[in-house]
Every structure is written in structure tokens, then in C-alpha cells.
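Student: Take this structure first; my questions come after.
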Amino acid sequence: MPEPAASALLEMRGISKSFPGVRALDGVSFEIRAGEVHALVGENGAGKSTLMKILAGAQPADAGEIVMDGTAVQIGGPRDAERYGIAMIYQEFNLVPQLDVAANVVLGREPVRAGGWLDGGAARAVAAAAVKQLGLELPLTIPVGRLAVAQQQMVEIAKALVRKARVLVMDEPTAALTDREIDHLFETIRTLRERGVGIVYISHRLEELPRIADRITVLRDGRVVGGGTVAELPQHEMIRLMVGREMDQYYPPLPPLDPAAPVVLAVRDLRSGSVVRGVSFDVHAGEILGMAGLVGAGRTEIVRAIAAADIPSGGEVSIDGKPLHAHGPHDAIAAGIALVTEDRKGQGLVLGMSIRENVTLPHLELFSQRFGFVDRASEGKATRDLVQELRIRTPSIEQRARNLSGGTQQKVVLAKWLTERARLFLFDEPTRGIDVGAKAEIYELMTELAKQGAAVVMVSSELPEVLGMSHRIVVVRDGTIAGVLTRAEATRERVMSLATTAHGAA
Amino acid sequence: MGTAIDSKAIEQRARSAAVRAWLRYGVVAALVVMLLALVAYFTRGAFLDPGNLINVLRQITYNAILAAGQTFVIITAGIDLSVGSLVSLCGVVMAMAANALPFHGVALVAAVLVVGALVGAAAGFINALPVVRLGLPPFITTLAMMLMARGLAYKLSHGRPIPIDSDAFNTIGIGFTLRGLGHLFKLPGIPVAVLWMAVVLIVSGVVLARTRFGRYVYAIGGNIEAARLAGIPNRRVITAVYVISGICAAVASLLLLARFQSGSPQTGFGFELTVIAAVVVGGTSLFGGSGTIAGTFVGALLIGVLNNVMNLANVESYTQDIALGAVILLALILDQVRKRIWS
């Protein structure tokens, strides 16, 4: 093995950073070699984002140095980072949706003709060259906003290539991709690696790391707690390092299903938009129904139609045998339906409001007195109970949702819907982008809800989660149900085959 | 076991809330104090005369009442440009009603106010309809209403102010109340119009801060989709804030009507901009989701003090506009700086 220091492209040495009341990074050292994929893992709040923000020049470090090609460099802002060939691809892309692919790829370094006129032909040539080097096919003249997420990500990668990036940081690049798109992304990453680019790969999906990463560094509470080659760090070891304890039981045991349990949710020939095309299924009291399928198969649209977030164009939804004729979310909530959306920041929370105000928002009439006055004392009591029950880590219930970590935000979204009257819980990707510890807590909560007799539907793109947490699994393909598997029947292969083939071999 | 910790946390929270409130209004307060010092110097004490201070309050009455309604609208991330024109339309209609209705005294005033409020509410409803049904930007719908209401006011009045025959409005226009309180300042009392302003501000403030409706207003401005999915009747709440703004226009218009004893199609010209300035200087975000009535009052007061002082110092009106614009900009810059430092 070569000396690490000799071949290091970029080194961060002894980086420390404190925020008021929090020591975010404590003497972290991290290096990236040319032509390697270095995975950075850790729970939310472990310090990954802060470390990368320092690398990007978005935040200054309190202590430590950054060394590039053996010389210490100062990264005072994004311009410096770009000059040293450091590029970032965040979960939320930095693209201009109205501009076409070529214009986005050359954004900020547009080729110009004499007199300062934009040279569109040259821009397309530059973009085409980058796309070709990556072995991709992208329509150069289509506005980026009309591309699929996976294609937009490729535009970001092409952009980094045009900028001659030597270090590329990717934050949760597979979070919104289907399995096939992930394969494609990994090929592109390997192409970059062969070209000598050093890639920092941040992901919560530990199971994908053996396929793509060369080395792994584990952060916990702002410190490096372990690292090594992929071969040296099996998944259970990574989890142990991340959480600081053994996670022998990742999924809690499901409560036994009562065969005589009544049907809570009955869906018949449900249609919605152009995506949901005739869906029928039942969910019983105490049952957790997993909903698997490819991204775009219509799973989110199905649960949105049940909760009247979109008004169905046909079919029937019944709760406890009573047909539901909802004109909007209000009616569905009154009928006992709770929709926990995937997009926490966009749809789940009012970020400028406190935990208390967010938690009571769907049920504010329960906390109201005469003339519509809000009873803050009873609001506070209910919220504190939920904060305790869900172990929401926060200094106060008056903390703004904006200032909470991803896992904590997700718990606040859950807390919104935990009331006596909720009969049916629809979870859309409940554990996306949150850390291992919070995941385990959310699984426990789902099990608890089922035990208390609620019906639970869980949409998830993580197969192990669907297999580990469902009594039954409904597989959705092209807006219809491709098949239903019991827990005993379900395997990774059968679910994938139903999800991907027109006549699934189930 | 949690109670001891909780009470301590609550105490701490209350203290930090007080600190935040000070920071929030401290900047504006500092500006006011600086101004006062300058003013006292340039006007040789005329500003600090109790009569003048009460005068300032009376002058900001219309702006503050309109700004209270506008605060609701802006917190939902909307805007109401029609308020200035609605003041004139309501004024003309109310003057006509005052001359036509067969009532006297307080009954006449009440009936006229009801007529004006119906006009304002209807205009607000029309403002909101295309916003909630078709998703049109309120900037455009209220701009259209601004033109239509002003045009209608001119048509109804044939371009001339309509004098009112009754003297039932004198009390509101020039009357004083709370004589005991007034004597403290060596005045005949507090102007009735100022009392109207106080009532509007207090009711608005309480509704916004303490009721379910108020909470919904903030939620819609903060995240309209999360609000909808939480079962909040977004359309109804948004419609209501424009109706409130329209009714506030009617109230402000009644006070102007009483003051000038006539309803004129020219009243309220350009009011919308001073109103929005007061709301924004008072710390309400144009992006929605945050803001308070108390802040709006401070904003209206600041603008009022500035105008008054410049009048006392005999600053000519063009210079006044320049100074006013500069102060609005300065207040917002300081507010941003404060947010950057304390976030």
C-alpha cells in the first residue's frame, strides 16, 4: 500500500468548529486521494455537513488546516473552492430550471464572442464534450426543469467536470433515485474515478457502500470514530461505530396479526390524475402494509389520493366501512386519516413556527376556547407529552422547526398526527435521509401504533425496510397493483420482479 | 420529575423572549429616540409639546388602521394595493349614505359604517377570489381593484367631494374623550379618532396572536402546502384577510369623512405605499409567515413622527419625501443586520 500522505490530493487536518452550545467538529482529519471514492458516514448531526461546508468555503473553521497537493490553502469562500477544483453536489441541486442543459453546464463561465455576445454553439459544444466524457446521453437544449431528477443530477456532474473539478463531494446522491438510475450513477462515478477525480460520497444507505466506495470514514459527535477500506468495515461494524452501540435488532418484532381484525381502510378502483389507474386493497386494524415499487410508479399519488391531498378522479375510499367523500385534507383528517408526507420541509412543517405550533396545527380546534382563542397551556402540555413520548431532542417546545435536525424534524411531523382520532397512518418514505438511531425509533413507533389497533400504510423505496417492517406488501407498478405478498412469501427478488416486469413472476 | 426542569425552562424562555422583543423593537426605538433628540433641537421643543404629540397620534390614525389590515394580508405572503382607492370609494359611498339614510345621531354613524364596511368587504372578497380560485398573484388582482375602485369613486361623485349634511360625525372627526387622561397632558382629552385606532389595533393584535384564525394566517404565510395538508381551510382564511383589509379601509375612510365632513374621490391617493412601508418597517416580512401588529404600530408611528418633525422644522415637501424614503431603507437595512447578527 502506498503512503497515504504521499498520494493525498486533499487533506483536512485537525478541523474544529463550534457553534453556540455545540461542538460540531473536534479535531477531524480527513483525506481524499486522486481516483478514489471516499465515503463519509455518520448519523445526522455527526458533523458531515459542517465538514463539507468548511471544504466548500461556506463556513470558516475555528482551527485546523486544509492542504492541497502538499501546500496549505485558505478557502475563504465558494470562489476559492472552485479555484482549487472542489465541487459540491447537494441534495437540492444548484441548477436554473428555466435554462437548458447546455446553459446550466457552462453557467458562470459562458463562452462569449467578441463584444460580449453569448456563444450558444460553443456552449453546446463544451456541454456535449463533458456529457460524452461521462458516457452519458442528455438532451442539451431542453430546460433542466423538465428533466427527471436523475438526469438533473447528471447535469450537475457535467457542470463539475467543465469546472475541472478534482474533488467532487456528493451529498446523498441516491436518495431520490430508482435502482436502475443508481446503477447508472455508479457507472458515472466510476468513470470520474478513472479520470483521477477524488470523490467524497455521503450516504445514509450503508448497504450501497460496498458497491461504490473504496474507503470509509465514520463520524460521530464531531469526531472520527473509525475508518478503513470497505473490506475492513462490514455494515454492522459501521452501524456500531455510528451509533456507539450494537444494533443487533434493527427492526422491532411486528405484533401478531389478528385474523379477525376488522378492515380499517378499504380502497376500491381508486383513480387519481393520470398516474393512479384503478387501485384496490384493504388494510386491517393492527396491520402494517408495506407499499413497494419503483420511484414514479404512483405510490405517493395513491396515499395522497386516500388522504384527499389530491382529490381522486374515481373509485371509493372507506374508513371503518363508511365511504369517505372528502373535498380536501380537512375531511380526511376528520375521518381519522393521517398523511405523513415525504417532503418534510416542503409539506410537513411550517419551518418558521415552533414545535408547539407545528404539532397542534392539524387539530387546533381541540385546543380552542370560546371565540376561537387558542389555549396555549393545553397546547404546551400536549406538546410536552409528545416530545417526551417520541424522545424529541430539543431544548424547548418553542424551538423553531427550522433549527432542528432532519431526524428530529421527522419526529415533529409524526407528532402532528398522533392523536386519539387517527385510525389510519399513511407514511410516505418515513425514514428517508434520517439517521440510524432515529430510524429505529420510527420503526418502534409504527409497531406501537399497529399494536394499539391503528392501520398503517408505509410507502418505502428501501427494500430491506419494506421486508422488515410489513405484515403484507403491496407492489405498485404503473399506477396499478402488480401483486400482494405476505410476509412469508416476500423476498427481495419477488418484490423487484413484480415492480419491474409487466408480468411479474410472482 | 419533569416539572422542576420545565418551570426553569419556561422561565428562561420568557426571559429570552423578552430579550428578543427588545432586539426586535430596539432598533426602531433607537431610531425614534435619535430622531426625537434631533427634533427637539431643530424645532426648539415644539415637538415635545403635549398638544403636538397627540397631534402626531391623530395624524397616523388612518395609516395605522390601514396598516393593521395590511399586516394580516402580508403575513399570508400577499399584498393589498387597493386600500388607498378603497378609502376614497368607501368615503364617497358613505357620504352618499349619510345624506340618504333616514337616521340621526349615533344610529346614522353606525348605519353609514355598516354600508362602508360592506363595500370594503365586498372589494376584499373580489380581490381574493381570483387569488384563491385561479392562483393569480394578489399584486395584480389588487392593482386592478385599485384602478376600478378609484374610477368608481370618481363616477359616483362626478369628480367632486360630497359634503355631508348631518353633524352626527363631528364627535368622531374633532371630538375628544377620556377627559381625565387628557388633563394630565393639559389637553381637552384624547381625540376620539385615536381611540378608534387603539380599538382596531388591539382587536387586530389579539386576533392575530391569540386565535386559531391568527395561527392559520401565520401557517399559510409560512408554508401554504403544509397548511393545506394540515386541513386548514386556506381559501377561506386568505379570503378573510383581504376582507379584513377592506373593512379596515372603510373604518379609516369613516374617520377621514368625519374629519373633513365630506367624502372625496381624491382621498387616499398613494396611501397604499405608506401603509406597506409602515408594515414592513414594523418588521413584517414580505415573504410571509412573520410579523406583528405591535411592530406595525411602531412602523406607522415612526413615519408619522418623521413627517411631523419635518413639518415643524419647515422642511419643504420634496425633501420630506427623500428623507422618508431614506429612513424606510435605513430601518430595513438595520433590521437585516440585526437578523444576521442574532441568528
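Just so we're on the same page: first chain in the C-alpha cells is A, next is B, and so on; residues restart at 1 for each chain, and ligands are numbered from 1 in the order they show up.
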Give as a PyMOL selection string every residue of chain A that touches chain B within 9 Å, counting only C-alpha atoms.
Tutor: chain A and resi 307-309+328-334+339+344-353+357-358+361-365+367-369+371-376+395-396+398+416
Student: Looking only at the backbone, which of the residues in range 267-387 of chain A does DSSP tag as alpha helix (DSSP H), as a ChimeraX atom specification?
Tutor: /A:299-306,329-334,355-360,376-387
Student: Next, the residues of the selection above should be written as a short mmCIF file (atom, residue, chain, number, x, y, z; two decimals), in the first residue's frame with C-alpha atoms.
Tutor:
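Printed below is out28.cif as written:
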data_model
loop_
_atom_site.label_atom_id
_atom_site.label_comp_id
_atom_site.auth_asym_id
_atom_site.auth_seq_id
_atom_site.Cartn_x
_atom_site.Cartn_y
_atom_site.Cartn_z
CA ARG A 299 -47.26 5.10 -4.67
CA THR A 300 -47.09 8.66 -3.37
CA GLU A 301 -50.08 9.57 -5.53
CA ILE A 302 -52.08 6.65 -4.10
CA VAL A 303 -51.61 7.72 -0.49
CA ARG A 304 -52.18 11.37 -1.41
CA ALA A 305 -55.49 10.44 -3.05
CA ILE A 306 -56.55 8.42 0.03
CA PRO A 329 -57.47 17.17 3.58
CA HIS A 330 -59.77 18.57 6.27
CA ASP A 331 -62.43 15.90 5.68
CA ALA A 332 -59.86 13.11 5.57
CA ILE A 333 -58.33 14.29 8.86
CA ALA A 334 -61.79 14.37 10.44
CA ILE A 355 -42.56 22.74 17.62
CA ARG A 356 -45.70 23.52 19.62
CA GLU A 357 -47.36 25.43 16.81
CA ASN A 358 -46.48 22.75 14.24
CA VAL A 359 -47.67 19.85 16.37
CA THR A 360 -51.13 21.29 17.07
CA ARG A 376 -51.65 27.79 24.93
CA ALA A 377 -51.40 25.99 28.24
CA SER A 378 -53.13 22.85 27.00
CA GLU A 379 -51.21 23.12 23.71
CA GLY A 380 -47.98 23.22 25.68
CA LYS A 381 -48.95 20.26 27.82
CA ALA A 382 -49.94 18.09 24.84
CA THR A 383 -46.75 19.02 23.01
CA ARG A 384 -44.51 18.30 26.00
CA ASP A 385 -46.15 14.88 26.37
CA LEU A 386 -45.47 14.09 22.72
CA VAL A 387 -41.90 15.40 22.92
#
Student: Residues within 6 Å of Val279 in chain B, please, as a PDB file with N, CA and C atoms, in the first residue's frame. Count only C-alpha atoms; anything in the same chain fewer than 5 positions from it doesn't count.
Tutor:
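Result file out_14.pdb:
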ATOM      1  N   ALA B  67     -52.803  49.888   7.997  1.00  0.00           N
ATOM      2  CA  ALA B  67     -51.638  49.007   8.124  1.00  0.00           C
ATOM      3  C   ALA B  67     -51.967  47.760   8.945  1.00  0.00           C
ATOM      4  N   THR B 284     -42.561  43.148   9.580  1.00  0.00           N
ATOM      5  CA  THR B 284     -43.280  42.060   8.913  1.00  0.00           C
ATOM      6  C   THR B 284     -42.568  41.721   7.610  1.00  0.00           C
ATOM      7  N   THR B 296     -46.184  46.843  13.508  1.00  0.00           N
ATOM      8  CA  THR B 296     -46.820  47.709  12.509  1.00  0.00           C
ATOM      9  C   THR B 296     -47.126  49.082  13.116  1.00  0.00           C
TER      10      THR B 296
END
Student: Could you pull the residues within 10 Å of range 124-137 of chain B, counting only C-alpha atoms, minus those fewer than 2 positions along the same chain, as a PyMOL selection string?
Tutor: chain B and resi 78-83+86+118-122+139-146+234-247+249
Student: Tell me which protein, DNA and RNA residues are within 6 Å of range 449-463 of chain A, counting only C-alpha atoms, leaving out same-chain ones fewer than 3 positions away, and put them as a ChimeraX atom specification.
Tutor: /A:284-292,423-429,446,466
Student: Next, the residues of the selection above should be written as a PDB file, in the first residue's frame with N, CA and C atoms.
Tutor:
ATOM      1  N   HIS A 284     -56.092  -3.838   7.497  1.00  0.00           N
ATOM      2  CA  HIS A 284     -56.825  -4.196   8.708  1.00  0.00           C
ATOM      3  C   HIS A 284     -56.281  -3.461   9.922  1.00  0.00           C
ATOM      4  N   ALA A 285     -57.087  -3.444  10.960  1.00  0.00           N
ATOM      5  CA  ALA A 285     -56.634  -2.871  12.226  1.00  0.00           C
ATOM      6  C   ALA A 285     -55.411  -3.646  12.704  1.00  0.00           C
ATOM      7  N   GLY A 286     -54.413  -2.927  13.148  1.00  0.00           N
ATOM      8  CA  GLY A 286     -53.217  -3.571  13.675  1.00  0.00           C
ATOM      9  C   GLY A 286     -52.249  -4.056  12.625  1.00  0.00           C
ATOM     10  N   GLU A 287     -52.503  -3.702  11.370  1.00  0.00           N
ATOM     11  CA  GLU A 287     -51.664  -4.205  10.287  1.00  0.00           C
ATOM     12  C   GLU A 287     -50.739  -3.107   9.746  1.00  0.00           C
ATOM     13  N   ILE A 288     -49.515  -3.493   9.420  1.00  0.00           N
ATOM     14  CA  ILE A 288     -48.621  -2.586   8.698  1.00  0.00           C
ATOM     15  C   ILE A 288     -48.507  -3.108   7.274  1.00  0.00           C
ATOM     16  N   LEU A 289     -48.978  -2.296   6.335  1.00  0.00           N
ATOM     17  CA  LEU A 289     -48.955  -2.683   4.924  1.00  0.00           C
ATOM     18  C   LEU A 289     -47.824  -1.921   4.237  1.00  0.00           C
ATOM     19  N   GLY A 290     -46.839  -2.656   3.733  1.00  0.00           N
ATOM     20  CA  GLY A 290     -45.757  -2.002   3.012  1.00  0.00           C
ATOM     21  C   GLY A 290     -46.167  -1.765   1.570  1.00  0.00           C
ATOM     22  N   MET A 291     -45.757  -0.627   1.016  1.00  0.00           N
ATOM     23  CA  MET A 291     -46.078  -0.360  -0.385  1.00  0.00           C
ATOM     24  C   MET A 291     -44.764  -0.153  -1.122  1.00  0.00           C
ATOM     25  N   ALA A 292     -44.438  -1.143  -1.971  1.00  0.00           N
ATOM     26  CA  ALA A 292     -43.162  -1.088  -2.673  1.00  0.00           C
ATOM     27  C   ALA A 292     -43.402  -0.752  -4.142  1.00  0.00           C
ATOM     28  N   ARG A 423     -57.018   6.875  12.819  1.00  0.00           N
ATOM     29  CA  ARG A 423     -57.289   5.447  12.650  1.00  0.00           C
ATOM     30  C   ARG A 423     -56.326   4.838  11.637  1.00  0.00           C
ATOM     31  N   LEU A 424     -55.892   5.682  10.694  1.00  0.00           N
ATOM     32  CA  LEU A 424     -55.095   5.191   9.576  1.00  0.00           C
ATOM     33  C   LEU A 424     -53.892   6.107   9.394  1.00  0.00           C
ATOM     34  N   PHE A 425     -52.704   5.525   9.402  1.00  0.00           N
ATOM     35  CA  PHE A 425     -51.485   6.309   9.187  1.00  0.00           C
ATOM     36  C   PHE A 425     -50.899   5.974   7.830  1.00  0.00           C
ATOM     37  N   LEU A 426     -50.694   6.983   7.007  1.00  0.00           N
ATOM     38  CA  LEU A 426     -50.071   6.795   5.708  1.00  0.00           C
ATOM     39  C   LEU A 426     -48.679   7.415   5.775  1.00  0.00           C
ATOM     40  N   PHE A 427     -47.653   6.578   5.791  1.00  0.00           N
ATOM     41  CA  PHE A 427     -46.278   7.077   5.870  1.00  0.00           C
ATOM     42  C   PHE A 427     -45.659   7.038   4.483  1.00  0.00           C
ATOM     43  N   ASP A 428     -45.195   8.183   3.992  1.00  0.00           N
ATOM     44  CA  ASP A 428     -44.529   8.198   2.692  1.00  0.00           C
ATOM     45  C   ASP A 428     -43.035   8.379   2.927  1.00  0.00           C
ATOM     46  N   GLU A 429     -42.271   7.347   2.664  1.00  0.00           N
ATOM     47  CA  GLU A 429     -40.807   7.357   2.865  1.00  0.00           C
ATOM     48  C   GLU A 429     -40.450   7.928   4.242  1.00  0.00           C
ATOM     49  N   MET A 446     -44.083   2.925  14.724  1.00  0.00           N
ATOM     50  CA  MET A 446     -45.049   2.300  13.808  1.00  0.00           C
ATOM     51  C   MET A 446     -45.601   1.024  14.418  1.00  0.00           C
ATOM     52  N   VAL A 466     -39.030  -2.366   3.763  1.00  0.00           N
ATOM     53  CA  VAL A 466     -40.341  -2.907   3.419  1.00  0.00           C
ATOM     54  C   VAL A 466     -40.434  -4.358   3.882  1.00  0.00           C
TER      55      VAL A 466
END
Student: At what distance in Å, to one decimal, does CA of Val41 in chain A lie from CA of Ile202 in chain A?
Tutor: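 Distance reported for this atom pair: 6.0 Å.
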Student: Write out as a PDB file with N, CA and C atoms, in the first residue's frame each polymer residue whose atoms come within 9 Å of Phe297 in chain B, counting only C-alpha atoms; drop sequence neighbours fewer than 2 positions from it.
Tutor:
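Listed below is the output, result01.pdb:
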ATOM      1  N   ALA B  64     -52.272  53.826  10.416  1.00  0.00           N
ATOM      2  CA  ALA B  64     -52.139  52.690  11.339  1.00  0.00           C
ATOM      3  C   ALA B  64     -53.297  51.708  11.177  1.00  0.00           C
ATOM      4  N   ILE B  65     -54.516  52.237  10.980  1.00  0.00           N
ATOM      5  CA  ILE B  65     -55.676  51.344  10.822  1.00  0.00           C
ATOM      6  C   ILE B  65     -55.539  50.538   9.527  1.00  0.00           C
ATOM      7  N   ALA B  67     -52.803  49.888   7.997  1.00  0.00           N
ATOM      8  CA  ALA B  67     -51.638  49.007   8.124  1.00  0.00           C
ATOM      9  C   ALA B  67     -51.967  47.760   8.945  1.00  0.00           C
ATOM     10  N   ALA B  68     -52.891  47.907   9.910  1.00  0.00           N
ATOM     11  CA  ALA B  68     -53.291  46.735  10.697  1.00  0.00           C
ATOM     12  C   ALA B  68     -53.906  45.688   9.766  1.00  0.00           C
ATOM     13  N   LEU B 201     -56.333  48.446  16.559  1.00  0.00           N
ATOM     14  CA  LEU B 201     -55.019  47.816  16.750  1.00  0.00           C
ATOM     15  C   LEU B 201     -55.083  46.699  17.782  1.00  0.00           C
ATOM     16  N   ALA B 278     -45.224  51.181   6.445  1.00  0.00           N
ATOM     17  CA  ALA B 278     -45.386  51.053   7.902  1.00  0.00           C
ATOM     18  C   ALA B 278     -45.302  49.585   8.315  1.00  0.00           C
ATOM     19  N   VAL B 279     -45.966  48.708   7.551  1.00  0.00           N
ATOM     20  CA  VAL B 279     -45.979  47.275   7.899  1.00  0.00           C
ATOM     21  C   VAL B 279     -44.564  46.706   7.828  1.00  0.00           C
ATOM     22  N   GLY B 282     -42.172  47.934  10.326  1.00  0.00           N
ATOM     23  CA  GLY B 282     -42.528  47.325  11.607  1.00  0.00           C
ATOM     24  C   GLY B 282     -42.097  45.877  11.734  1.00  0.00           C
ATOM     25  N   THR B 292     -45.987  41.362  13.382  1.00  0.00           N
ATOM     26  CA  THR B 292     -46.907  41.608  14.488  1.00  0.00           C
ATOM     27  C   THR B 292     -47.602  42.950  14.302  1.00  0.00           C
ATOM     28  N   ILE B 293     -48.755  43.093  14.948  1.00  0.00           N
ATOM     29  CA  ILE B 293     -49.472  44.367  14.912  1.00  0.00           C
ATOM     30  C   ILE B 293     -48.693  45.424  15.696  1.00  0.00           C
ATOM     31  N   ALA B 294     -48.070  45.012  16.811  1.00  0.00           N
ATOM     32  CA  ALA B 294     -47.285  45.970  17.600  1.00  0.00           C
ATOM     33  C   ALA B 294     -46.185  46.564  16.733  1.00  0.00           C
ATOM     34  N   GLY B 295     -45.522  45.723  15.970  1.00  0.00           N
ATOM     35  CA  GLY B 295     -44.475  46.197  15.069  1.00  0.00           C
ATOM     36  C   GLY B 295     -45.041  47.176  14.058  1.00  0.00           C
ATOM     37  N   GLY B 299     -44.029  51.012  13.286  1.00  0.00           N
ATOM     38  CA  GLY B 299     -43.691  51.473  11.937  1.00  0.00           C
ATOM     39  C   GLY B 299     -44.487  52.708  11.550  1.00  0.00           C
ATOM     40  N   ALA B 300     -45.805  52.668  11.805  1.00  0.00           N
ATOM     41  CA  ALA B 300     -46.660  53.810  11.463  1.00  0.00           C
ATOM     42  C   ALA B 300     -46.257  55.036  12.276  1.00  0.00           C
ATOM     43  N   LEU B 301     -45.925  54.785  13.560  1.00  0.00           N
ATOM     44  CA  LEU B 301     -45.531  55.882  14.448  1.00  0.00           C
ATOM     45  C   LEU B 301     -44.247  56.542  13.947  1.00  0.00           C
ATOM     46  N   LEU B 302     -43.290  55.720  13.564  1.00  0.00           N
ATOM     47  CA  LEU B 302     -42.008  56.246  13.089  1.00  0.00           C
ATOM     48  C   LEU B 302     -42.217  57.166  11.890  1.00  0.00           C
TER      49      LEU B 302
END
Student: If you run DSSP over the backbone, which residues in range 54-266 of chain B end up strand (DSSP E)? Put them as a list in words.
Tutor: Ile162, Pro163, Phe176, Thr177, Ile190, Pro191, Ser262 and Gly263 of chain B
Student: For Ser88 in chain B, which of B:Ser285, B:Asn308, B:Thr267, B:Gln261 is the closest residue, counting only C-alpha atoms?
Tutor: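 Smallest separation from Ser88 in chain B among the options: B:Thr267.
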Student: Excluding same-chain residues fewer than 4 positions from Val105 in chain A, what lies within 9 Å of it counting only C-alpha atoms, as a list in words?
Tutor: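 Listed by chain and then number, they are Leu95, Asp100, Val101, Arg109, Glu110, Ala123, Arg124, Val126, Ala127, Ala130, Val155, Glu156, Ile157, Ala158, Lys159, Ala160, Leu161 and Val162 of chain A.
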Student: Grab the residues selected above and save them as a short mmCIF file (atom, residue, chain, number, x, y, z; two decimals), in the first residue's frame with C-alpha atoms.
Tutor:
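Ended up saving to out17.cif:
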data_model
loop_
_atom_site.label_atom_id
_atom_site.label_comp_id
_atom_site.auth_asym_id
_atom_site.auth_seq_id
_atom_site.Cartn_x
_atom_site.Cartn_y
_atom_site.Cartn_z
CA LEU A 95 -29.47 24.43 -11.33
CA ASP A 100 -31.41 24.48 -20.96
CA VAL A 101 -28.89 21.76 -20.15
CA ARG A 109 -18.26 30.53 -17.49
CA GLU A 110 -20.25 31.02 -20.66
CA ALA A 123 -21.67 26.37 -25.03
CA ARG A 124 -23.36 23.36 -26.54
CA VAL A 126 -18.49 22.35 -24.29
CA ALA A 127 -21.52 20.69 -22.70
CA ALA A 130 -18.49 16.90 -20.96
CA VAL A 155 -26.19 17.84 -15.42
CA GLU A 156 -24.63 18.72 -12.06
CA ILE A 157 -21.87 16.19 -12.63
CA ALA A 158 -21.21 17.52 -16.13
CA LYS A 159 -21.06 21.01 -14.66
CA ALA A 160 -18.41 19.87 -12.17
CA LEU A 161 -16.43 18.30 -15.00
CA VAL A 162 -16.45 21.52 -17.04
#
Student: Would you please work out which residue, of A:Ile142, A:Ala24, A:Leu136, A:Ile481, is nearest to Asp221 in chain A when using only C-alpha atoms?
Tutor: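 Looking at the shortest contact to Asp221 in chain A, the residue is A:Ala24.
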Student: Which value, in Å to one decimal, gives the distance between CA of Ser204 in chain B and CA of Ala331 in chain B?
Tutor: 23.7 Å
Student: Grab the CA of Val28 in chain A to CA of Asn403 in chain A distance for me, in Å with one decimal place.
Tutor: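 One can read the CA of Val28 in chain A to CA of Asn403 in chain A distance as 23.8 Å.
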Student: Just checking: using only C-alpha atoms, which residue out of B:Val87, B:Met148, B:Leu332, B:Leu208 ends up closest to Ala117 in chain B?
Tutor: B:Val87
Student: Which of these residues is nearest to Asn307 in chain B, using only C-alpha atoms: B:Thr76, B:Val56, B:Leu181, B:Leu89?
Tutor: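 Ranked by minimum distance to Asn307 in chain B, first place goes to B:Val56.
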Student: Of the candidates B:Ala95, B:Ala323, B:Leu330, B:Leu306, which shows the shortest atom-to-atom distance to Val33 in chain B, using only C-alpha atoms?
Tutor: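 For Val33 in chain B, the nearest of the given residues is B:Leu306.
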